[in-house]
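See structure below.
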Amino acid sequence: MGRLANRDIISIKDLGRDQLEVIFAEADRISKLSDEERSCLCKGKTLGYAFYEPSTRTRLSFEAAMASVGGSSLGFSSTATTSTQKGESLADTIRIMAGYVDVVILRHPLDGSSRFAAEISNKPIINAASGTEEHPTQALLDIYTIKKEKGTVDGLKIGIIGDLKHGRTVYSLLYALIHYDVSVYLISPESLKIRPESIFEIGKLIPFTEITDIEECIDELDVLYVTRIQRERFTDQEEYEKMRGSYVVGLDILSRMKKDAIVMHPLPRLDEISPEVDGTPHARYFEQARYGKDIRAALLNLLLNSND
């Protein structure tokens with residue numbers, strides 16, 4: 001198994017199952033430590049975050065994770081007050097930030113931005129979502145959530161529903177699932193089907209079925225992973241309005257699911273999951289967000305310390 005210390009985390013494809021399990025085991029270990037024990041793990045280390053796109057959970061959970069293991073954070077969550085407004089390049093921003101911190105978390109609207117940053121940075125880069133490509137730490141917490149809530153990932157039937165064309169969390173999740181014995185249903189309108197060039201290699205490694213009607217599989221699913229229709233990725237707002245609300249998970253859908261099936265969502269949600277679902281035993285999306293803190297704390301500890 002390749003070591004994780006000082007690694008860039010750009011794509012979930014760069015991690016094997018052994019490495020995923022090490023991260024999950026570390027998250028379990030850290031979650032059981034006292035506050036005092038946790039605070040010694042990354043004492044004196046600094047996380048830098050450069051968010052060129054909006055974020056709530058990813059940025060806050062990274063900051064909370066770093067604080068929980070004794071480190072500090074600095075950075076920006078909007079370019080409005082940075083030298084980007086003066087025309088400073090991404091390359092220069094990353095070089096400057098890398099001189100101040102021990103690890104850089106980058107979210108950027110352009111495909112390839114995180115891999116480019118990794119090429120010029122002398123500190124580890126963690127991709128916190130790049131363009132329409134991937135969001136690897138989201139995939140880590142998604143798989144971890146399934147393991148914690150279902151006890152296993154192997155043997156499950158997993159439905160992924162919504163905007164599969166633009167959803168970068170979807171691609172990272174699928175790439176992570178190739179390491180497990182699962183069956184996957186990809187549920188979306190025809191115009192929002194997953195990009196064929198991105199799923200070509202996945203199709204050789206896990207069985208998946210593409211459908212447009214959730215009724216075809218709802219009673220078989222162990223996990224339903226819901227994604228929003230991503231307005232910001234549409235060039236035609238009329239087309240977005242047509243697609244919005246294509247699928248709404250409410251109590252009627254839940255009534256046809258297995259009693260122990262869970263509903264997940266990377267958040268934020270709009271109208272694709274009814275608020276009435278929140279209080280049901282199926283809802284796991286808020287727990288999913290909370291697991292993000294422990295997973296990211298585990299990842300930071302493994303990246304920033306050499307004894308992994």
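FYI, nothing fancy with the structure tokens labels: chains A, B, ... in order, residues from 1 per chain, ligands from 1 as they appear.
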Residue set, stretch 117-182 of chain A restricted to strand (DSSP E), as a list of chain:residue names: A:Ile125, A:Ile126, A:Asn127, A:Ala128, A:Ala129, A:Ser130, A:Lys157, A:Ile158, A:Gly159, A:Ile160, A:Ile161
Generate the output file for the selected residues, N, CA and C atoms, as a PDB file, in the first residue's frame.
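Listing of result.pdb after writing:
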ATOM      1  N   ILE A 125      -1.710  19.124  -2.070  1.00  0.00           N
ATOM      2  CA  ILE A 125      -2.949  19.745  -2.535  1.00  0.00           C
ATOM      3  C   ILE A 125      -4.087  18.751  -2.354  1.00  0.00           C
ATOM      4  N   ILE A 126      -5.179  19.198  -1.749  1.00  0.00           N
ATOM      5  CA  ILE A 126      -6.403  18.392  -1.671  1.00  0.00           C
ATOM      6  C   ILE A 126      -7.444  19.048  -2.552  1.00  0.00           C
ATOM      7  N   ASN A 127      -7.953  18.285  -3.501  1.00  0.00           N
ATOM      8  CA  ASN A 127      -8.994  18.763  -4.410  1.00  0.00           C
ATOM      9  C   ASN A 127     -10.334  18.810  -3.669  1.00  0.00           C
ATOM     10  N   ALA A 128     -10.845  20.009  -3.472  1.00  0.00           N
ATOM     11  CA  ALA A 128     -12.146  20.178  -2.812  1.00  0.00           C
ATOM     12  C   ALA A 128     -13.241  20.433  -3.837  1.00  0.00           C
ATOM     13  N   ALA A 129     -13.020  19.942  -5.046  1.00  0.00           N
ATOM     14  CA  ALA A 129     -13.921  19.987  -6.200  1.00  0.00           C
ATOM     15  C   ALA A 129     -13.327  20.881  -7.277  1.00  0.00           C
ATOM     16  N   SER A 130     -13.114  20.280  -8.442  1.00  0.00           N
ATOM     17  CA  SER A 130     -12.559  21.017  -9.576  1.00  0.00           C
ATOM     18  C   SER A 130     -13.494  20.882 -10.766  1.00  0.00           C
ATOM     19  N   LYS A 157     -27.068  -2.706  -3.017  1.00  0.00           N
ATOM     20  CA  LYS A 157     -27.603  -2.121  -4.251  1.00  0.00           C
ATOM     21  C   LYS A 157     -27.779  -0.630  -3.999  1.00  0.00           C
ATOM     22  N   ILE A 158     -27.143   0.164  -4.843  1.00  0.00           N
ATOM     23  CA  ILE A 158     -27.057   1.605  -4.618  1.00  0.00           C
ATOM     24  C   ILE A 158     -27.648   2.344  -5.806  1.00  0.00           C
ATOM     25  N   GLY A 159     -28.613   3.219  -5.546  1.00  0.00           N
ATOM     26  CA  GLY A 159     -29.195   4.054  -6.587  1.00  0.00           C
ATOM     27  C   GLY A 159     -28.658   5.469  -6.466  1.00  0.00           C
ATOM     28  N   ILE A 160     -28.247   6.043  -7.589  1.00  0.00           N
ATOM     29  CA  ILE A 160     -27.764   7.427  -7.628  1.00  0.00           C
ATOM     30  C   ILE A 160     -28.688   8.182  -8.571  1.00  0.00           C
ATOM     31  N   ILE A 161     -29.342   9.218  -8.053  1.00  0.00           N
ATOM     32  CA  ILE A 161     -30.419   9.858  -8.797  1.00  0.00           C
ATOM     33  C   ILE A 161     -30.213  11.361  -8.898  1.00  0.00           C
TER      34      ILE A 161
END
I'd like the contact shell of stretch 73-87 of chain A - 8 Å cut-off, only C-alpha atoms, skipping same-chain residues fewer than 6 positions apart - returned as a ChimeraX atom specification. /A:46-55,59,63,66-67
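Counting only C-alpha atoms, A:Asp294 has the following residues at most 7 Å away, ignoring those fewer than 5 positions along the same chain: Ala27, Ser31 and Ala65 of chain A.
Candidate residues A:Leu192, A:Val170, A:Leu164, A:Ile10 were compared for distance to A:Arg107, and the nearest is A:Ile10, using only C-alpha atoms.
We find atom CA of A:Gly167 and atom CA of A:Arg195 to be spaced 10.2 Å apart.
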Taking only stretch 17-226 of chain A into account, list the residues labelled helix (DSSP H, G or I) by DSSP (computed from the backbone), as a ChimeraX atom specification. /A:17-31,35-38,57-68,79-81,83-86,90-98,113-120,136-150,168-177,190-192,196-199,202-204,214-216
Go ahead and write the selection's residues with C-alpha atoms as a CSV table (one decimal), in the first residue's frame.
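Output file part.csv is given in full below:
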chain,number,residue,atom,x,y,z
A,17,ARG,CA,-9.2,0.0,-1.3
A,18,ASP,CA,-6.4,-0.6,1.2
A,19,GLN,CA,-5.8,3.2,1.4
A,20,LEU,CA,-9.6,3.9,1.7
A,21,GLU,CA,-9.8,1.4,4.6
A,22,VAL,CA,-6.8,3.0,6.3
A,23,ILE,CA,-8.5,6.4,6.2
A,24,PHE,CA,-11.8,4.9,7.5
A,25,ALA,CA,-9.9,3.1,10.3
A,26,GLU,CA,-8.1,6.4,11.2
A,27,ALA,CA,-11.5,8.2,11.3
A,28,ASP,CA,-12.8,5.6,13.7
A,29,ARG,CA,-9.7,5.9,15.9
A,30,ILE,CA,-9.8,9.7,16.0
A,31,SER,CA,-13.5,9.8,16.8
A,35,ASP,CA,-10.3,16.2,22.9
A,36,GLU,CA,-6.8,16.5,24.5
A,37,GLU,CA,-5.5,13.5,22.6
A,38,ARG,CA,-6.9,14.7,19.3
A,57,ARG,CA,-19.9,21.9,4.4
A,58,THR,CA,-16.5,21.3,2.7
A,59,ARG,CA,-14.8,24.4,3.9
A,60,LEU,CA,-16.3,24.4,7.4
A,61,SER,CA,-15.7,20.7,7.9
A,62,PHE,CA,-12.0,21.1,6.9
A,63,GLU,CA,-11.6,24.0,9.3
A,64,ALA,CA,-13.4,22.1,12.1
A,65,ALA,CA,-11.4,19.0,11.3
A,66,MET,CA,-8.1,20.9,11.4
A,67,ALA,CA,-9.0,22.7,14.7
A,68,SER,CA,-10.0,19.3,16.2
A,79,THR,CA,-12.1,35.9,-4.5
A,80,ALA,CA,-13.7,39.3,-4.0
A,81,THR,CA,-11.1,40.4,-1.4
A,83,SER,CA,-5.5,39.6,-5.5
A,84,THR,CA,-7.5,37.5,-8.0
A,85,GLN,CA,-9.5,40.7,-8.6
A,86,LYS,CA,-6.2,42.3,-9.7
A,90,LEU,CA,-4.0,30.6,-9.9
A,91,ALA,CA,-0.4,29.5,-10.1
A,92,ASP,CA,0.9,32.6,-8.2
A,93,THR,CA,-1.8,32.3,-5.6
A,94,ILE,CA,-1.0,28.7,-4.9
A,95,ARG,CA,2.7,29.3,-4.7
A,96,ILE,CA,2.2,32.1,-2.2
A,97,MET,CA,-0.2,30.2,-0.1
A,98,ALA,CA,2.0,27.1,-0.1
A,113,SER,CA,-7.2,23.1,-11.7
A,114,SER,CA,-6.3,20.9,-8.8
A,115,ARG,CA,-3.9,18.7,-10.8
A,116,PHE,CA,-2.3,21.9,-12.1
A,117,ALA,CA,-2.0,23.2,-8.6
A,118,ALA,CA,-0.3,20.0,-7.5
A,119,GLU,CA,2.3,20.3,-10.2
A,120,ILE,CA,3.4,23.7,-8.9
A,136,PRO,CA,-12.6,13.0,-3.7
A,137,THR,CA,-13.1,13.8,0.0
A,138,GLN,CA,-16.8,13.8,-0.6
A,139,ALA,CA,-16.5,10.3,-1.9
A,140,LEU,CA,-14.5,9.3,1.2
A,141,LEU,CA,-17.2,10.5,3.5
A,142,ASP,CA,-19.9,9.0,1.3
A,143,ILE,CA,-18.4,5.5,1.5
A,144,TYR,CA,-17.6,6.0,5.2
A,145,THR,CA,-21.3,6.9,5.8
A,146,ILE,CA,-22.5,3.8,4.0
A,147,LYS,CA,-20.1,1.6,6.1
A,148,LYS,CA,-21.2,3.3,9.3
A,149,GLU,CA,-24.9,3.2,8.6
A,150,LYS,CA,-25.1,-0.2,6.8
A,168,ARG,CA,-18.8,15.8,-9.6
A,169,THR,CA,-19.7,14.0,-6.4
A,170,VAL,CA,-21.3,11.3,-8.5
A,171,TYR,CA,-18.1,10.6,-10.5
A,172,SER,CA,-16.0,10.4,-7.4
A,173,LEU,CA,-18.5,8.1,-5.7
A,174,LEU,CA,-18.6,5.8,-8.7
A,175,TYR,CA,-14.8,5.7,-8.9
A,176,ALA,CA,-14.7,4.8,-5.2
A,177,LEU,CA,-17.3,2.1,-5.5
A,190,GLU,CA,-32.1,11.4,-20.6
A,191,SER,CA,-30.5,14.9,-21.0
A,192,LEU,CA,-28.7,14.5,-17.6
A,196,PRO,CA,-20.2,8.2,-21.3
A,197,GLU,CA,-16.5,9.1,-21.6
A,198,SER,CA,-16.3,9.4,-17.9
A,199,ILE,CA,-18.0,6.1,-17.1
A,202,ILE,CA,-16.3,2.1,-14.5
A,203,GLY,CA,-18.5,-0.1,-16.6
A,204,LYS,CA,-15.8,-2.7,-16.8
A,214,ILE,CA,-37.0,5.3,-10.1
A,215,GLU,CA,-40.0,3.0,-9.7
A,216,GLU,CA,-38.0,0.3,-11.6
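Take the candidates A:Val226, A:Leu302, A:Ala261, A:Leu15 and check each one against A:Ile273 using only C-alpha atoms; the shortest distance goes to A:Val226.
With only C-alpha atoms as the basis for measurement, A:Asp102 is the residue among A:Asp102, A:Thr56, A:Ile218, A:Val248 that approaches A:Gly71 most closely.
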Quick one: pull the distance between atom CA of A:Asp278 and atom CA of A:Ile253, Å, one decimal. 13.4 Å
Hey, what's within 9 Å of A:Met264 if we count only C-alpha atoms and toss same-chain stuff fewer than 6 positions away? As a VMD selection string, please? chain A and resid 142 145 to 146 223 to 227 282 to 286 288
So that I have them on file, write out the residues from the current selection with N, CA and C atoms, as a PDB file, in the first residue's frame.
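Listing of again_39.pdb after writing:
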ATOM      1  N   ASP A 142     -18.745   9.740   1.782  1.00  0.00           N
ATOM      2  CA  ASP A 142     -19.920   8.998   1.318  1.00  0.00           C
ATOM      3  C   ASP A 142     -19.763   7.506   1.590  1.00  0.00           C
ATOM      4  N   THR A 145     -19.904   6.880   5.290  1.00  0.00           N
ATOM      5  CA  THR A 145     -21.286   6.929   5.778  1.00  0.00           C
ATOM      6  C   THR A 145     -21.996   5.614   5.529  1.00  0.00           C
ATOM      7  N   ILE A 146     -21.832   5.059   4.333  1.00  0.00           N
ATOM      8  CA  ILE A 146     -22.477   3.779   4.018  1.00  0.00           C
ATOM      9  C   ILE A 146     -21.971   2.687   4.958  1.00  0.00           C
ATOM     10  N   VAL A 223     -29.354   1.773  -0.629  1.00  0.00           N
ATOM     11  CA  VAL A 223     -28.918   3.163  -0.499  1.00  0.00           C
ATOM     12  C   VAL A 223     -29.474   3.951  -1.675  1.00  0.00           C
ATOM     13  N   LEU A 224     -30.099   5.097  -1.395  1.00  0.00           N
ATOM     14  CA  LEU A 224     -30.507   6.022  -2.443  1.00  0.00           C
ATOM     15  C   LEU A 224     -29.720   7.313  -2.246  1.00  0.00           C
ATOM     16  N   TYR A 225     -28.854   7.616  -3.204  1.00  0.00           N
ATOM     17  CA  TYR A 225     -27.978   8.788  -3.149  1.00  0.00           C
ATOM     18  C   TYR A 225     -28.569   9.839  -4.076  1.00  0.00           C
ATOM     19  N   VAL A 226     -29.070  10.908  -3.485  1.00  0.00           N
ATOM     20  CA  VAL A 226     -29.809  11.937  -4.231  1.00  0.00           C
ATOM     21  C   VAL A 226     -28.890  13.126  -4.514  1.00  0.00           C
ATOM     22  N   THR A 227     -28.947  13.651  -5.730  1.00  0.00           N
ATOM     23  CA  THR A 227     -28.186  14.852  -6.073  1.00  0.00           C
ATOM     24  C   THR A 227     -29.130  15.899  -6.647  1.00  0.00           C
ATOM     25  N   HIS A 282     -34.951   6.758   7.460  1.00  0.00           N
ATOM     26  CA  HIS A 282     -34.202   6.615   6.214  1.00  0.00           C
ATOM     27  C   HIS A 282     -33.194   7.750   6.019  1.00  0.00           C
ATOM     28  N   ALA A 283     -33.483   8.925   6.527  1.00  0.00           N
ATOM     29  CA  ALA A 283     -32.657  10.108   6.261  1.00  0.00           C
ATOM     30  C   ALA A 283     -31.304   9.990   6.944  1.00  0.00           C
ATOM     31  N   ARG A 284     -30.236  10.115   6.148  1.00  0.00           N
ATOM     32  CA  ARG A 284     -28.886  10.031   6.712  1.00  0.00           C
ATOM     33  C   ARG A 284     -27.988  11.171   6.200  1.00  0.00           C
ATOM     34  N   TYR A 285     -28.562  12.169   5.541  1.00  0.00           N
ATOM     35  CA  TYR A 285     -27.725  13.203   4.917  1.00  0.00           C
ATOM     36  C   TYR A 285     -27.110  14.167   5.915  1.00  0.00           C
ATOM     37  N   PHE A 286     -27.755  14.389   7.046  1.00  0.00           N
ATOM     38  CA  PHE A 286     -27.128  15.265   8.042  1.00  0.00           C
ATOM     39  C   PHE A 286     -26.024  14.514   8.790  1.00  0.00           C
ATOM     40  N   GLN A 288     -24.322  12.201   7.373  1.00  0.00           N
ATOM     41  CA  GLN A 288     -23.316  12.172   6.308  1.00  0.00           C
ATOM     42  C   GLN A 288     -22.420  13.409   6.376  1.00  0.00           C
TER      43      GLN A 288
END
